[in-house]
Amino acid sequence: VLLIEADSEAVAEYADWLEGYAVRTAVDGERALDALDGDVDVVLLDGDLADPPAGELLGRIRARRPDCQIGLLSGVSVGDDVLRLDIDEYVPRPIDRDELRETVARLVDHAAGEGAVETYLSLVARRRRIEARRDDADLADDERYRELTGEIAARQRQINTLLAEIGDSVAGESDETGAPPPG
């Protein structure tokens, strides 16, 4: 997790709240970009960052790590500007420890789901290319094709499990408030 927060006290507090995660912190955009590498899966970005503005930094982060999950922390009410940003989650402030941890967990789950779906789709595309070139009789005797088919089934089960877990957590959120969660 990379926490980008202009307020040095807040960034230290948020980092403490995220015990159990590997956390990097930055108080400005340049330090954030220096800390951004392949090990960072989740970015929590201060939406009120001034230099560079959060929207500009967001674009630079996406250019370097398009698969990274980004949560925007902001005390500003959701407006058209926020809705247009390429973020995975909007996190209104003030935020408490549990909300921050739940946000990071959702973003991590989202990344796992995206990776599983991407792998599944790649395997399905490979199977389709093979099936287009070979007849059913050949495929029935091909051990590698059976392994590929098994891997596709395993990935599909993985995706179904992830979706069920997400569905359970969404149902739990709606149960607590009596209303479905936003978005």
# chains A, B, ... in the order shown; residues from 1 in each chain; ligands from 1

$ residues_around --residues "A:Arg60" --least-positions-apart "3" --cutoff "12 Å" --atoms "only C-alpha atoms" --output "PDB file with N, CA, C and O atoms, in the first residue's frame"
ATOM      1  N   GLY A  29       4.006  14.412  -4.386  1.00  0.00           N
ATOM      2  CA  GLY A  29       3.921  13.628  -5.602  1.00  0.00           C
ATOM      3  C   GLY A  29       5.229  13.014  -6.057  1.00  0.00           C
ATOM      4  O   GLY A  29       5.262  11.862  -6.491  1.00  0.00           O
ATOM      5  N   GLU A  30       6.321  13.756  -5.973  1.00  0.00           N
ATOM      6  CA  GLU A  30       7.606  13.226  -6.436  1.00  0.00           C
ATOM      7  C   GLU A  30       8.063  12.062  -5.579  1.00  0.00           C
ATOM      8  O   GLU A  30       8.539  11.051  -6.091  1.00  0.00           O
ATOM      9  N   ALA A  32       6.108  10.151  -3.932  1.00  0.00           N
ATOM     10  CA  ALA A  32       5.163   9.063  -4.224  1.00  0.00           C
ATOM     11  C   ALA A  32       5.600   8.308  -5.478  1.00  0.00           C
ATOM     12  O   ALA A  32       5.603   7.069  -5.489  1.00  0.00           O
ATOM     13  N   LEU A  33       5.969   9.025  -6.515  1.00  0.00           N
ATOM     14  CA  LEU A  33       6.395   8.376  -7.753  1.00  0.00           C
ATOM     15  C   LEU A  33       7.684   7.598  -7.543  1.00  0.00           C
ATOM     16  O   LEU A  33       7.870   6.528  -8.142  1.00  0.00           O
ATOM     17  N   ASP A  34       8.566   8.104  -6.683  1.00  0.00           N
ATOM     18  CA  ASP A  34       9.796   7.372  -6.359  1.00  0.00           C
ATOM     19  C   ASP A  34       9.478   6.049  -5.651  1.00  0.00           C
ATOM     20  O   ASP A  34      10.180   5.062  -5.826  1.00  0.00           O
ATOM     21  N   LEU A  36       6.680   4.308  -5.978  1.00  0.00           N
ATOM     22  CA  LEU A  36       5.774   3.481  -6.771  1.00  0.00           C
ATOM     23  C   LEU A  36       6.567   2.501  -7.635  1.00  0.00           C
ATOM     24  O   LEU A  36       7.303   2.898  -8.517  1.00  0.00           O
ATOM     25  N   PRO A  52       2.131  17.909  -7.189  1.00  0.00           N
ATOM     26  CA  PRO A  52       1.196  18.289  -8.235  1.00  0.00           C
ATOM     27  C   PRO A  52      -0.236  18.027  -7.786  1.00  0.00           C
ATOM     28  O   PRO A  52      -0.448  17.269  -6.839  1.00  0.00           O
ATOM     29  N   PRO A  53      -1.197  18.626  -8.454  1.00  0.00           N
ATOM     30  CA  PRO A  53      -2.589  18.360  -8.090  1.00  0.00           C
ATOM     31  C   PRO A  53      -2.893  16.867  -8.182  1.00  0.00           C
ATOM     32  O   PRO A  53      -2.309  16.146  -8.993  1.00  0.00           O
ATOM     33  N   ALA A  54      -3.816  16.398  -7.345  1.00  0.00           N
ATOM     34  CA  ALA A  54      -4.134  14.970  -7.274  1.00  0.00           C
ATOM     35  C   ALA A  54      -4.505  14.396  -8.640  1.00  0.00           C
ATOM     36  O   ALA A  54      -4.096  13.287  -8.975  1.00  0.00           O
ATOM     37  N   GLY A  55      -5.264  15.129  -9.435  1.00  0.00           N
ATOM     38  CA  GLY A  55      -5.659  14.632 -10.750  1.00  0.00           C
ATOM     39  C   GLY A  55      -4.471  14.375 -11.660  1.00  0.00           C
ATOM     40  O   GLY A  55      -4.429  13.380 -12.389  1.00  0.00           O
ATOM     41  N   GLU A  56      -3.492  15.265 -11.625  1.00  0.00           N
ATOM     42  CA  GLU A  56      -2.285  15.095 -12.442  1.00  0.00           C
ATOM     43  C   GLU A  56      -1.461  13.903 -11.940  1.00  0.00           C
ATOM     44  O   GLU A  56      -0.998  13.077 -12.720  1.00  0.00           O
ATOM     45  N   LEU A  57      -1.284  13.808 -10.622  1.00  0.00           N
ATOM     46  CA  LEU A  57      -0.529  12.710 -10.045  1.00  0.00           C
ATOM     47  C   LEU A  57      -1.215  11.383 -10.344  1.00  0.00           C
ATOM     48  O   LEU A  57      -0.559  10.386 -10.657  1.00  0.00           O
ATOM     49  N   ALA A  63      -0.207   5.815 -15.522  1.00  0.00           N
ATOM     50  CA  ALA A  63       0.722   5.585 -16.630  1.00  0.00           C
ATOM     51  C   ALA A  63       1.796   4.573 -16.227  1.00  0.00           C
ATOM     52  O   ALA A  63       2.198   3.731 -17.037  1.00  0.00           O
ATOM     53  N   ARG A  64       2.253   4.638 -14.987  1.00  0.00           N
ATOM     54  CA  ARG A  64       3.295   3.721 -14.512  1.00  0.00           C
ATOM     55  C   ARG A  64       2.743   2.369 -14.078  1.00  0.00           C
ATOM     56  O   ARG A  64       3.403   1.356 -14.235  1.00  0.00           O
ATOM     57  N   ARG A  65       1.578   2.380 -13.448  1.00  0.00           N
ATOM     58  CA  ARG A  65       0.994   1.153 -12.883  1.00  0.00           C
ATOM     59  C   ARG A  65      -0.491   1.091 -13.212  1.00  0.00           C
ATOM     60  O   ARG A  65      -1.340   1.321 -12.357  1.00  0.00           O
ATOM     61  N   PRO A  66      -0.853   0.778 -14.459  1.00  0.00           N
ATOM     62  CA  PRO A  66      -2.269   0.787 -14.849  1.00  0.00           C
ATOM     63  C   PRO A  66      -3.130  -0.212 -14.082  1.00  0.00           C
ATOM     64  O   PRO A  66      -4.334  -0.014 -13.957  1.00  0.00           O
ATOM     65  N   CYS A  68      -2.794  -0.964 -10.859  1.00  0.00           N
ATOM     66  CA  CYS A  68      -2.820  -0.610  -9.442  1.00  0.00           C
ATOM     67  C   CYS A  68      -4.212  -0.094  -9.053  1.00  0.00           C
ATOM     68  O   CYS A  68      -4.857   0.601  -9.829  1.00  0.00           O
ATOM     69  N   ASP A  86     -10.079   8.673 -12.794  1.00  0.00           N
ATOM     70  CA  ASP A  86      -9.873   7.233 -12.987  1.00  0.00           C
ATOM     71  C   ASP A  86      -9.424   6.607 -11.662  1.00  0.00           C
ATOM     72  O   ASP A  86      -8.268   6.249 -11.485  1.00  0.00           O
TER      73      ASP A  86
END

$ closest_atom_pairs --of "stretch 101-130 of chain A" --to "stretch 141-164 of chain A" --cutoff "9 Å" --atoms "only C-alpha atoms" --output "tab-separated table"
residue	atom	partner	partner_atom	distance
A:Asp109	CA	A:Leu162	CA	7.8
A:Ala112	CA	A:Leu162	CA	8.2
A:Gly113	CA	A:Leu162	CA	6.5
A:Ala116	CA	A:Ile159	CA	6.3
A:Val117	CA	A:Ile159	CA	6.8
A:Thr119	CA	A:Arg155	CA	7.7
A:Tyr120	CA	A:Arg155	CA	5.8
A:Leu121	CA	A:Ile152	CA	8.7
A:Leu123	CA	A:Ile152	CA	6.3
A:Val124	CA	A:Ile152	CA	6.8
A:Arg126	CA	A:Leu148	CA	8.7
A:Arg127	CA	A:Leu148	CA	7.2
A:Ile130	CA	A:Tyr145	CA	8.3

$ select_by_dssp --residues "stretch 36-178 of chain A" --states "strand (DSSP E)" --output "MDAnalysis selection string"
chainID A and resid 42:46 69:74 89:92

$ select_by_dssp --residues "stretch 82-180 of chain A" --states "helix (DSSP H, G or I)" --output "ChimeraX atom specification"
/A:82-84,97-133,136-140,143-177

$ write_last_selection --atoms "C-alpha atoms" --output "mmCIF file, in the first residue's frame"
data_model
loop_
_atom_site.group_PDB
_atom_site.id
_atom_site.type_symbol
_atom_site.label_atom_id
_atom_site.label_comp_id
_atom_site.auth_asym_id
_atom_site.auth_seq_id
_atom_site.Cartn_x
_atom_site.Cartn_y
_atom_site.Cartn_z
ATOM 1 C CA VAL A 82 -14.230 13.479 -8.638
ATOM 2 C CA LEU A 83 -16.597 11.334 -10.669
ATOM 3 C CA ARG A 84 -14.491 11.851 -13.808
ATOM 4 C CA ARG A 97 -9.342 3.058 11.330
ATOM 5 C CA ASP A 98 -11.963 0.439 10.436
ATOM 6 C CA GLU A 99 -13.125 2.319 7.328
ATOM 7 C CA LEU A 100 -9.549 2.691 6.095
ATOM 8 C CA ARG A 101 -8.766 -0.988 6.647
ATOM 9 C CA GLU A 102 -12.020 -2.042 4.929
ATOM 10 C CA THR A 103 -11.222 0.234 1.985
ATOM 11 C CA VAL A 104 -7.770 -1.290 1.538
ATOM 12 C CA ALA A 105 -9.202 -4.811 1.849
ATOM 13 C CA ARG A 106 -11.805 -4.031 -0.857
ATOM 14 C CA LEU A 107 -9.129 -2.617 -3.149
ATOM 15 C CA VAL A 108 -6.929 -5.689 -2.605
ATOM 16 C CA ASP A 109 -9.933 -7.951 -3.342
ATOM 17 C CA HIS A 110 -10.692 -5.919 -6.454
ATOM 18 C CA ALA A 111 -7.126 -6.407 -7.683
ATOM 19 C CA ALA A 112 -7.328 -10.162 -7.026
ATOM 20 C CA GLY A 113 -10.585 -10.339 -8.959
ATOM 21 C CA GLU A 114 -9.174 -8.430 -11.898
ATOM 22 C CA GLY A 115 -6.116 -10.696 -12.021
ATOM 23 C CA ALA A 116 -8.231 -13.841 -11.894
ATOM 24 C CA VAL A 117 -10.558 -12.598 -14.634
ATOM 25 C CA GLU A 118 -7.635 -11.521 -16.827
ATOM 26 C CA THR A 119 -5.993 -14.944 -16.494
ATOM 27 C CA TYR A 120 -9.301 -16.725 -17.130
ATOM 28 C CA LEU A 121 -9.985 -14.716 -20.295
ATOM 29 C CA SER A 122 -6.470 -15.364 -21.572
ATOM 30 C CA LEU A 123 -6.885 -19.114 -21.033
ATOM 31 C CA VAL A 124 -10.296 -19.126 -22.747
ATOM 32 C CA ALA A 125 -8.846 -17.251 -25.732
ATOM 33 C CA ARG A 126 -6.013 -19.784 -25.960
ATOM 34 C CA ARG A 127 -8.496 -22.680 -25.846
ATOM 35 C CA ARG A 128 -10.590 -21.088 -28.620
ATOM 36 C CA ARG A 129 -7.526 -20.691 -30.847
ATOM 37 C CA ILE A 130 -6.628 -24.353 -30.304
ATOM 38 C CA GLU A 131 -10.195 -25.519 -30.939
ATOM 39 C CA ALA A 132 -10.342 -23.543 -34.180
ATOM 40 C CA ARG A 133 -7.294 -25.412 -35.525
ATOM 41 C CA ASP A 136 -12.652 -32.775 -31.424
ATOM 42 C CA ALA A 137 -11.119 -36.236 -31.776
ATOM 43 C CA ASP A 138 -7.572 -34.836 -31.651
ATOM 44 C CA LEU A 139 -8.416 -32.674 -28.679
ATOM 45 C CA ALA A 140 -9.955 -35.537 -26.714
ATOM 46 C CA GLU A 143 -3.218 -34.173 -22.403
ATOM 47 C CA ARG A 144 -2.192 -30.495 -22.657
ATOM 48 C CA TYR A 145 -5.667 -29.554 -23.900
ATOM 49 C CA ARG A 146 -7.264 -31.409 -20.970
ATOM 50 C CA GLU A 147 -4.908 -29.581 -18.571
ATOM 51 C CA LEU A 148 -5.868 -26.269 -20.160
ATOM 52 C CA THR A 149 -9.569 -27.106 -19.827
ATOM 53 C CA GLY A 150 -8.987 -28.051 -16.179
ATOM 54 C CA GLU A 151 -7.146 -24.801 -15.530
ATOM 55 C CA ILE A 152 -10.029 -22.840 -17.061
ATOM 56 C CA ALA A 153 -12.508 -24.651 -14.792
ATOM 57 C CA ALA A 154 -10.304 -23.951 -11.754
ATOM 58 C CA ARG A 155 -10.052 -20.253 -12.643
ATOM 59 C CA GLN A 156 -13.810 -20.087 -13.122
ATOM 60 C CA ARG A 157 -14.311 -21.558 -9.627
ATOM 61 C CA GLN A 158 -11.816 -19.022 -8.251
ATOM 62 C CA ILE A 159 -13.752 -16.154 -9.843
ATOM 63 C CA ASN A 160 -17.056 -17.518 -8.539
ATOM 64 C CA THR A 161 -15.586 -17.754 -5.032
ATOM 65 C CA LEU A 162 -14.268 -14.177 -5.216
ATOM 66 C CA LEU A 163 -17.631 -12.927 -6.465
ATOM 67 C CA ALA A 164 -19.429 -14.777 -3.671
ATOM 68 C CA GLU A 165 -17.088 -13.226 -1.082
ATOM 69 C CA ILE A 166 -17.662 -9.776 -2.551
ATOM 70 C CA GLY A 167 -21.409 -10.408 -2.608
ATOM 71 C CA ASP A 168 -21.320 -11.487 1.037
ATOM 72 C CA SER A 169 -19.406 -8.362 2.056
ATOM 73 C CA VAL A 170 -21.795 -6.129 0.074
ATOM 74 C CA ALA A 171 -24.787 -7.868 1.673
ATOM 75 C CA GLY A 172 -23.180 -7.333 5.086
ATOM 76 C CA GLU A 173 -22.753 -3.623 4.378
ATOM 77 C CA SER A 174 -26.389 -3.229 3.349
ATOM 78 C CA ASP A 175 -27.540 -5.185 6.417
ATOM 79 C CA GLU A 176 -25.693 -2.840 8.777
ATOM 80 C CA THR A 177 -27.225 0.329 7.369
#

$ atom_distance --atom1 "atom CA of A:Ala50" --atom2 "atom CA of A:Glu19"
27.6 Å

$ atom_distance --atom1 "atom CA of A:Asp96" --atom2 "atom CA of A:Ala15"
12.3 Å

$ closest_residue --among "A:Ile61, A:Val40, A:Ala35, A:Leu45" --to "A:Leu3" --atoms "only C-alpha atoms"
A:Leu45

$ closest_residue --among "A:Glu13, A:Asp88, A:Asp37, A:Asp7" --to "A:Gln69" --atoms "only C-alpha atoms"
A:Asp88

$ atom_distance --atom1 "atom CA of A:Leu18" --atom2 "atom CA of A:Leu2"
10.8 Å

$ closest_residue --among "A:Leu72, A:Ile87, A:Val11, A:Ile95" --to "A:Ala26" --atoms "only C-alpha atoms"
A:Val11

$ closest_residue --among "A:Glu5, A:Thr25, A:Val43, A:Tyr14" --to "A:Asp67" --atoms "only C-alpha atoms"
A:Val43
